[in-house]
Each structure stands twice: as C-alpha cells, then as structure tokens.
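Containing CSV, C-alpha atoms: run_7.csv.
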chain,number,residue,atom,x,y,z
A,164,ASN,CA,122.2,75.9,56.8
A,165,ALA,CA,120.5,79.2,56.0
A,166,GLY,CA,119.7,78.0,52.4
A,167,VAL,CA,119.0,81.1,50.2
A,168,THR,CA,119.1,84.5,51.8
A,169,GLN,CA,118.1,87.8,50.3
A,170,THR,CA,118.5,91.3,51.5
A,171,PRO,CA,116.8,93.6,52.0
A,172,LYS,CA,113.3,92.1,52.7
A,173,PHE,CA,111.5,95.4,51.9
A,174,GLN,CA,112.6,98.5,50.0
A,175,VAL,CA,110.9,101.7,48.8
A,176,LEU,CA,112.7,103.7,46.1
A,177,LYS,CA,111.9,106.9,44.2
A,178,THR,CA,111.9,106.8,40.4
A,179,GLY,CA,115.4,107.1,39.1
A,180,GLN,CA,117.2,105.9,42.3
A,181,SER,CA,119.5,102.8,42.0
A,182,MET,CA,119.9,99.9,44.3
A,183,THR,CA,121.3,96.4,44.5
A,184,LEU,CA,119.4,93.3,45.7
A,185,GLN,CA,121.7,90.8,47.4
A,186,CYS,CA,121.4,87.0,47.3
A,187,ALA,CA,123.5,84.4,48.8
A,188,GLN,CA,123.3,80.6,49.1
A,189,ASP,CA,125.2,78.2,51.3
A,190,MET,CA,124.3,75.0,49.6
A,191,ASN,CA,127.3,75.0,47.2
A,192,HIS,CA,124.9,75.3,44.2
A,193,ASN,CA,126.2,76.0,40.7
A,194,SER,CA,123.2,77.8,39.3
A,195,MET,CA,121.4,80.9,40.6
A,196,TYR,CA,118.4,82.8,39.3
A,197,TRP,CA,116.5,86.1,39.7
A,198,TYR,CA,112.8,86.2,39.2
A,199,ARG,CA,110.1,88.8,39.6
A,200,GLN,CA,106.5,88.0,40.6
A,201,ASP,CA,103.7,90.4,39.8
A,202,PRO,CA,99.9,89.8,40.5
A,203,GLY,CA,98.4,87.9,37.6
A,204,MET,CA,101.8,87.5,35.9
A,205,GLY,CA,103.4,84.6,37.7
A,206,LEU,CA,107.1,84.2,38.2
A,207,ARG,CA,109.2,85.6,35.3
A,208,LEU,CA,112.9,85.0,35.0
A,209,ILE,CA,115.1,88.1,34.8
A,210,TYR,CA,118.6,86.7,34.7
A,211,TYR,CA,120.3,83.5,35.6
A,212,SER,CA,123.8,82.2,36.1
A,213,ALA,CA,124.4,78.6,35.2
A,214,SER,CA,127.8,78.6,36.9
A,215,GLU,CA,130.3,81.0,38.5
A,216,GLY,CA,131.5,83.5,35.8
A,217,THR,CA,128.5,83.2,33.5
A,218,THR,CA,125.2,85.1,33.3
A,219,ASP,CA,122.4,84.9,30.8
A,220,LYS,CA,119.3,86.9,30.1
A,221,GLY,CA,115.9,85.6,31.0
A,222,GLU,CA,112.4,86.6,29.9
A,223,VAL,CA,112.4,90.2,31.3
A,224,PRO,CA,116.0,91.5,31.6
A,225,ASN,CA,115.5,95.1,30.5
A,226,GLY,CA,116.3,97.6,33.3
A,227,TYR,CA,118.4,95.2,35.3
A,228,ASN,CA,122.0,94.1,35.6
A,229,VAL,CA,123.5,91.1,37.5
A,230,SER,CA,126.8,90.1,39.0
A,231,ARG,CA,127.8,86.6,39.9
A,232,LEU,CA,130.3,87.7,42.5
A,233,ASN,CA,131.4,84.2,43.4
A,234,LYS,CA,129.8,80.8,43.7
A,235,ARG,CA,127.7,81.9,46.7
A,236,GLU,CA,126.5,85.3,45.7
A,237,PHE,CA,124.4,86.7,42.8
A,238,SER,CA,123.3,90.3,42.9
A,239,LEU,CA,120.6,92.1,40.9
A,240,ARG,CA,121.0,95.9,40.2
A,241,LEU,CA,118.5,98.4,39.2
A,242,GLU,CA,120.4,101.4,37.8
A,243,SER,CA,117.4,103.7,37.5
A,244,ALA,CA,114.3,102.4,39.1
A,245,ALA,CA,110.9,102.8,37.5
A,246,PRO,CA,107.4,102.3,38.9
A,247,SER,CA,107.1,99.3,36.5
A,248,GLN,CA,109.8,97.6,38.6
A,249,THR,CA,107.5,97.5,41.6
A,250,SER,CA,107.4,93.8,42.3
A,251,VAL,CA,108.4,90.9,44.6
A,252,TYR,CA,111.9,89.7,43.6
A,253,PHE,CA,112.9,86.1,44.3
A,254,CYS,CA,116.4,84.6,44.1
A,255,ALA,CA,116.8,80.9,43.6
A,256,SER,CA,119.6,78.3,43.3
A,257,SER,CA,120.0,74.8,42.1
A,258,VAL,CA,122.6,72.1,41.6
A,259,GLU,CA,123.4,71.3,38.0
A,260,GLY,CA,121.7,68.1,37.0
A,261,VAL,CA,119.4,68.3,40.0
A,262,LEU,CA,115.9,69.5,39.2
A,263,GLU,CA,114.7,71.3,42.4
A,264,GLN,CA,115.2,75.0,42.7
A,265,TYR,CA,115.4,76.5,46.2
A,266,PHE,CA,114.0,80.0,46.7
A,267,GLY,CA,114.9,82.8,49.0
A,268,PRO,CA,112.2,84.6,51.0
A,269,GLY,CA,111.9,87.5,48.5
A,270,THR,CA,112.4,91.2,48.4
A,271,ARG,CA,109.3,93.4,48.2
A,272,LEU,CA,110.3,96.5,46.2
A,273,THR,CA,108.1,99.5,45.7
A,274,VAL,CA,109.1,102.3,43.3
A,275,THR,CA,107.2,105.6,43.7
B,215,ARG,CA,100.6,81.4,23.7
B,216,LYS,CA,102.0,81.2,27.2
B,217,GLU,CA,104.4,78.3,27.6
B,218,VAL,CA,102.7,76.9,30.7
B,219,GLU,CA,99.0,77.6,31.2
B,220,GLN,CA,96.9,77.0,34.3
B,221,ASP,CA,93.4,77.9,35.4
B,222,PRO,CA,94.0,80.8,37.9
B,223,GLY,CA,91.0,79.8,40.1
B,224,PRO,CA,90.4,80.5,42.8
B,225,PHE,CA,89.1,77.1,43.7
B,226,ASN,CA,87.1,77.3,46.9
B,227,VAL,CA,86.4,73.8,48.4
B,228,PRO,CA,85.2,72.5,51.7
B,229,GLU,CA,87.5,70.5,54.0
B,230,GLY,CA,87.5,66.8,52.9
B,231,ALA,CA,86.8,67.5,49.3
B,232,THR,CA,88.8,66.2,46.3
B,233,VAL,CA,90.1,68.9,44.0
B,234,ALA,CA,92.0,68.6,40.7
B,235,PHE,CA,94.2,71.2,38.9
B,236,ASN,CA,95.2,71.0,35.3
B,237,CYS,CA,98.0,72.5,33.4
B,238,THR,CA,99.1,72.5,29.7
B,239,TYR,CA,102.5,73.2,28.3
B,240,SER,CA,103.3,74.2,24.7
B,241,ASN,CA,106.9,72.8,24.2
B,242,SER,CA,106.7,69.2,23.1
B,243,ALA,CA,110.4,68.8,23.9
B,244,SER,CA,109.9,69.6,27.6
B,245,GLN,CA,111.6,67.0,29.7
B,246,SER,CA,110.8,67.6,33.4
B,247,PHE,CA,107.7,68.5,35.2
B,248,PHE,CA,106.9,69.7,38.7
B,249,TRP,CA,104.3,71.1,41.0
B,250,TYR,CA,105.4,73.8,43.4
B,251,ARG,CA,103.4,75.3,46.2
B,252,GLN,CA,103.4,78.9,47.2
B,253,ASP,CA,101.8,80.2,50.5
B,254,CYS,CA,100.6,83.7,50.7
B,255,ARG,CA,103.6,86.2,50.8
B,256,LYS,CA,106.1,83.3,50.9
B,257,GLU,CA,108.5,81.8,48.4
B,258,PRO,CA,107.6,78.8,46.2
B,259,LYS,CA,108.6,75.4,47.4
B,260,LEU,CA,108.7,72.1,45.5
B,261,LEU,CA,105.6,70.0,46.2
B,262,MET,CA,106.4,67.0,43.9
B,263,SER,CA,108.0,66.0,40.7
B,264,VAL,CA,105.7,64.5,38.0
B,265,TYR,CA,106.8,61.3,36.4
B,266,SER,CA,105.5,59.7,33.1
B,267,SER,CA,103.9,56.8,35.0
B,268,GLY,CA,102.2,59.1,37.4
B,269,ASN,CA,103.1,59.3,41.1
B,270,GLU,CA,101.5,59.7,44.4
B,271,ASP,CA,102.7,61.3,47.7
B,272,GLY,CA,100.1,60.8,50.5
B,273,ARG,CA,97.0,62.7,49.5
B,274,PHE,CA,98.6,64.2,46.4
B,275,THR,CA,98.6,62.5,43.0
B,276,ALA,CA,100.4,63.9,39.9
B,277,GLN,CA,99.8,62.7,36.4
B,278,LEU,CA,101.5,63.5,33.0
B,279,ASN,CA,100.1,63.0,29.6
B,280,ARG,CA,102.9,63.7,27.1
B,281,ALA,CA,100.8,63.1,24.0
B,282,SER,CA,98.3,65.8,25.1
B,283,GLN,CA,101.0,67.9,26.8
B,284,TYR,CA,99.0,68.0,30.0
B,285,ILE,CA,99.8,67.7,33.7
B,286,SER,CA,97.4,67.3,36.6
B,287,LEU,CA,97.5,67.4,40.4
B,288,LEU,CA,94.8,65.7,42.5
B,289,ILE,CA,94.4,66.5,46.1
B,290,ARG,CA,92.2,64.2,48.1
B,291,ASP,CA,90.7,64.8,51.6
B,292,SER,CA,91.6,68.5,51.4
B,293,LYS,CA,92.9,70.2,54.6
B,294,LEU,CA,92.7,73.8,55.6
B,295,SER,CA,96.5,73.8,55.4
B,296,ASP,CA,96.4,73.0,51.7
B,297,SER,CA,95.2,76.5,51.0
B,298,ALA,CA,97.9,78.0,48.8
B,299,THR,CA,98.7,78.7,45.2
B,300,TYR,CA,99.9,75.7,43.2
B,301,LEU,CA,102.4,76.4,40.4
B,302,CYS,CA,102.8,74.1,37.4
B,303,VAL,CA,106.5,74.1,36.4
B,304,VAL,CA,108.3,72.7,33.3
B,305,ARG,CA,112.0,72.3,32.4
B,306,ASN,CA,112.6,72.2,28.7
B,307,SER,CA,116.0,70.6,28.5
B,308,GLY,CA,119.2,69.9,30.4
B,309,ASN,CA,120.1,72.6,32.9
B,310,THR,CA,117.8,75.3,31.4
B,311,PRO,CA,115.8,77.4,33.9
B,312,LEU,CA,112.4,76.3,35.0
B,313,VAL,CA,109.3,77.8,33.4
B,314,PHE,CA,106.5,78.6,35.8
B,315,GLY,CA,102.8,78.8,35.2
B,316,LYS,CA,100.9,81.6,36.8
B,317,GLY,CA,99.5,79.3,39.4
B,318,THR,CA,96.1,78.2,40.6
B,319,ARG,CA,94.8,79.5,43.9
B,320,LEU,CA,93.2,77.0,46.3
B,321,SER,CA,91.2,78.0,49.4
B,322,VAL,CA,90.0,75.2,51.6
B,323,ILE,CA,87.1,76.2,53.8
B,324,ALA,CA,86.0,74.8,57.1
Using structure tokens, write down the structure that the file contains.
Amino acid sequence: NAGVTQTPKFQVLKTGQSMTLQCAQDMNHNSMYWYRQDPGMGLRLIYYSASEGTTDKGEVPNGYNVSRLNKREFSLRLESAAPSQTSVYFCASSVEGVLEQYFGPGTRLTVT
Amino acid sequence: RKEVEQDPGPFNVPEGATVAFNCTYSNSASQSFFWYRQDCRKEPKLLMSVYSSGNEDGRFTAQLNRASQYISLLIRDSKLSDSATYLCVVRNSGNTPLVFGKGTRLSVIA
C-alpha cells in the first residue's frame, strides 16, 4: 500500500498562474482533507470531504477550490495563485469513526 | 483565542533528560485528544492517543485533565531520535476534522 500520495512534490508558480494539487489514497478511506502549513502558523484546514460527493470549507478556504473525484482522489485547485499561498500543502485521509488521520508527504509550493 | 495552544519552544534538552509538553484547548465539548509527531520537512504522524485515565507507551506518557482542559506529554530518557515537533491535536465531535496546535519543537542534544 502506498498510503496517501501527493503530486507534485515541489512547484514554483508565478502570481496569477493556476494549478491543481493531486492527492490519492489507497486505504479505502471515506474522509479526505487538505491542510496548509506555514512557519509559526501550524496546520490549517483548507477544505475537507467527509465522504465521496461532499466537500466542506475549513478554516482558510479563500483562493482554493476542491474536487472529490471519487473515493480515492481529492484535488486542490488554485485558480489564480498569490504569494500568500506559498506554503507546504498536506493531504490527509481517515476512516469515518476511526480517529487517526494519515498524511501524504506534502507539496512545497512557492508563488513568486 | 486559538482553539489549541502549545508552548512553541524550542526545548533543548540533553540525552537522557525527561521533558514535558503542555497543551490547552478551548472547547469544553472536545471529545478526542492526540499527540502527533512531525519530523523536519516530513508529514505529521500519530504518536499516541490520549485517554481520560492517562496512558503510557514505552518512554511516552500522555495525560488529560478535562476539568482544566489540559493535555500533557512526558518523554523520559530522551533520545536523539526524539528530536521533532510535537503537535497537540483535538477532535471536537463525531467525524469533524482534527484541530491542530502549532506544535512544540524538541531538540535532544548529545
């Protein structure tokens, strides 16, 4: 099992460019999450999907969109990247009713 | 007030020392509590859940005080490999997302 995978691992964008961060899990988990982590700010929830076909906003959703493509995949889109979106992005998944969240290795995004 | 608060550290301790981390949470209805560990430039991983009666896993002991809304993690006989950031994590109810503290950085020095 690969667990939670994320692509790309690194990305540099110019202001105004768009991109999609991909996340997939092979653990048959119902719930998936996108976080960003900035120095001194900790992990902040952007969006989550409690189950296939549903998505909900987290603490910092502005400037992002998500798609729960199927049970395995949950993508995060930046339509018009801004320098404030420079961060490390983590995807995570969990089974409903089970408390542990499993994280992917992260995507390091720089917006210039 | 941040929902989960931790001392950011860093805590610099010699090998073999005992170190304790504290965490407070603001939502009295919080139901589940955890400590996660995050190595430098890596993803967070579950270290241990925290139960009301307190629990121990080898050199690690976690305690919960619901009345004071306080969680602690004690590491005994620190190893160099314990150097990491320790995240205090809370779940408020049911299947809601986890809420993470900002983390406490630990450096164990030879």
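Excluding Cys254 in chain B itself and any same-chain residue fewer than 4 positions from it, the protein and nucleic acid residues within 10 Å of it, counting all atoms listed in the file, are Pro258, Ser297, Ala298, Thr299 and Arg319 of chain B.
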As JSON, numbers by chain, could you give me every residue of chain B near chain A (at most 12 Å apart, counting only C-alpha atoms)? {"B": [216, 217, 218, 219, 220, 221, 222, 223, 245, 246, 247, 248, 249, 250, 251, 252, 253, 254, 255, 256, 257, 258, 259, 260, 261, 262, 263, 264, 299, 300, 301, 302, 303, 304, 305, 306, 307, 308, 309, 310, 311, 312, 313, 314, 315, 316, 317, 318, 319]}
Go ahead and dump the residues you just picked, C-alpha atoms, as a PDB file, keeping the file's coordinate frame.
ATOM      1  CA  LYS B 216     102.000  81.200  27.200  1.00  0.00           C
ATOM      2  CA  GLU B 217     104.400  78.300  27.600  1.00  0.00           C
ATOM      3  CA  VAL B 218     102.700  76.900  30.700  1.00  0.00           C
ATOM      4  CA  GLU B 219      99.000  77.600  31.200  1.00  0.00           C
ATOM      5  CA  GLN B 220      96.900  77.000  34.300  1.00  0.00           C
ATOM      6  CA  ASP B 221      93.400  77.900  35.400  1.00  0.00           C
ATOM      7  CA  PRO B 222      94.000  80.800  37.900  1.00  0.00           C
ATOM      8  CA  GLY B 223      91.000  79.800  40.100  1.00  0.00           C
ATOM      9  CA  GLN B 245     111.600  67.000  29.700  1.00  0.00           C
ATOM     10  CA  SER B 246     110.800  67.600  33.400  1.00  0.00           C
ATOM     11  CA  PHE B 247     107.700  68.500  35.200  1.00  0.00           C
ATOM     12  CA  PHE B 248     106.900  69.700  38.700  1.00  0.00           C
ATOM     13  CA  TRP B 249     104.300  71.100  41.000  1.00  0.00           C
ATOM     14  CA  TYR B 250     105.400  73.800  43.400  1.00  0.00           C
ATOM     15  CA  ARG B 251     103.400  75.300  46.200  1.00  0.00           C
ATOM     16  CA  GLN B 252     103.400  78.900  47.200  1.00  0.00           C
ATOM     17  CA  ASP B 253     101.800  80.200  50.500  1.00  0.00           C
ATOM     18  CA  CYS B 254     100.600  83.700  50.700  1.00  0.00           C
ATOM     19  CA  ARG B 255     103.600  86.200  50.800  1.00  0.00           C
ATOM     20  CA  LYS B 256     106.100  83.300  50.900  1.00  0.00           C
ATOM     21  CA  GLU B 257     108.500  81.800  48.400  1.00  0.00           C
ATOM     22  CA  PRO B 258     107.600  78.800  46.200  1.00  0.00           C
ATOM     23  CA  LYS B 259     108.600  75.400  47.400  1.00  0.00           C
ATOM     24  CA  LEU B 260     108.700  72.100  45.500  1.00  0.00           C
ATOM     25  CA  LEU B 261     105.600  70.000  46.200  1.00  0.00           C
ATOM     26  CA  MET B 262     106.400  67.000  43.900  1.00  0.00           C
ATOM     27  CA  SER B 263     108.000  66.000  40.700  1.00  0.00           C
ATOM     28  CA  VAL B 264     105.700  64.500  38.000  1.00  0.00           C
ATOM     29  CA  THR B 299      98.700  78.700  45.200  1.00  0.00           C
ATOM     30  CA  TYR B 300      99.900  75.700  43.200  1.00  0.00           C
ATOM     31  CA  LEU B 301     102.400  76.400  40.400  1.00  0.00           C
ATOM     32  CA  CYS B 302     102.800  74.100  37.400  1.00  0.00           C
ATOM     33  CA  VAL B 303     106.500  74.100  36.400  1.00  0.00           C
ATOM     34  CA  VAL B 304     108.300  72.700  33.300  1.00  0.00           C
ATOM     35  CA  ARG B 305     112.000  72.300  32.400  1.00  0.00           C
ATOM     36  CA  ASN B 306     112.600  72.200  28.700  1.00  0.00           C
ATOM     37  CA  SER B 307     116.000  70.600  28.500  1.00  0.00           C
ATOM     38  CA  GLY B 308     119.200  69.900  30.400  1.00  0.00           C
ATOM     39  CA  ASN B 309     120.100  72.600  32.900  1.00  0.00           C
ATOM     40  CA  THR B 310     117.800  75.300  31.400  1.00  0.00           C
ATOM     41  CA  PRO B 311     115.800  77.400  33.900  1.00  0.00           C
ATOM     42  CA  LEU B 312     112.400  76.300  35.000  1.00  0.00           C
ATOM     43  CA  VAL B 313     109.300  77.800  33.400  1.00  0.00           C
ATOM     44  CA  PHE B 314     106.500  78.600  35.800  1.00  0.00           C
ATOM     45  CA  GLY B 315     102.800  78.800  35.200  1.00  0.00           C
ATOM     46  CA  LYS B 316     100.900  81.600  36.800  1.00  0.00           C
ATOM     47  CA  GLY B 317      99.500  79.300  39.400  1.00  0.00           C
ATOM     48  CA  THR B 318      96.100  78.200  40.600  1.00  0.00           C
ATOM     49  CA  ARG B 319      94.800  79.500  43.900  1.00  0.00           C
TER      50      ARG B 319
END
Neighbour list for Gln277 in chain B as number ranges by chain, cut-off 8 Å, all atoms listed in the file, skip fewer than 4 positions in-chain: B: 264-269, 285-287
As an exercise, work out the distance from CA of Glu215 in chain A to CA of Arg231 in chain A in Å and give it to one decimal place. 6.3 Å
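Distances to Leu239 in chain A were evaluated for A:Gly226, A:Gly179, A:Gly216, A:Gly166 using only C-alpha atoms, and the minimum falls at A:Gly226.
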Have a look at CA of Arg235 in chain A and CA of Thr270 in chain A and let me know their distance in Å, one decimal. 18.0 Å
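The gap separating CA of Phe173 in chain A from CA of Asn191 in chain A is 26.2 Å, in Å to one decimal.
Residues near the point (90.6, 64.8, 47.1), at a distance of 9 Å or less over all atoms listed in the file, make up Gly230, Ala231, Thr232, Val233, Ala234, Arg273, Phe274, Leu288, Ile289, Arg290, Asp291 and Ser292 of chain B.
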Would you mind listing what lies within 10 Å of Ser282 in chain B as JSON, numbers by chain, with only C-alpha atoms counted and same-chain residues fewer than 5 positions away left out? {"B": [238, 239, 240, 242]}
Around all the atoms of range 309-318 of chain B listed in the file, draw an axis-aligned box and extend it by 4 Å on each of the six sides; I want its centre and edge lengths in Å to one decimal, as AutoDock Vina command-line options.
--center_x 108.1 --center_y 77.1 --center_z 36.0 --size_x 32.0 --size_y 17.0 --size_z 17.2
So that I can see what lies close to Arg240 in chain A, please list as a PDB file with C-alpha atoms, in the frame of the given file the residues with an atom at most 9 Å from it, counting all atoms listed in the file and leaving out residues fewer than 4 positions away in the same chain.
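The resulting file, selection14.pdb, is shown below:
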ATOM      1  CA  SER A 181     119.500 102.800  42.000  1.00  0.00           C
ATOM      2  CA  MET A 182     119.900  99.900  44.300  1.00  0.00           C
ATOM      3  CA  THR A 183     121.300  96.400  44.500  1.00  0.00           C
ATOM      4  CA  LEU A 184     119.400  93.300  45.700  1.00  0.00           C
ATOM      5  CA  GLN A 185     121.700  90.800  47.400  1.00  0.00           C
ATOM      6  CA  GLY A 226     116.300  97.600  33.300  1.00  0.00           C
ATOM      7  CA  TYR A 227     118.400  95.200  35.300  1.00  0.00           C
ATOM      8  CA  ASN A 228     122.000  94.100  35.600  1.00  0.00           C
ATOM      9  CA  VAL A 229     123.500  91.100  37.500  1.00  0.00           C
ATOM     10  CA  SER A 230     126.800  90.100  39.000  1.00  0.00           C
TER      11      SER A 230
END
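Here the question is which of A:Thr170, A:Asn225, A:Thr275, A:Ser256 gets nearest to Trp197 in chain A using only C-alpha atoms, and that residue is A:Ser256.
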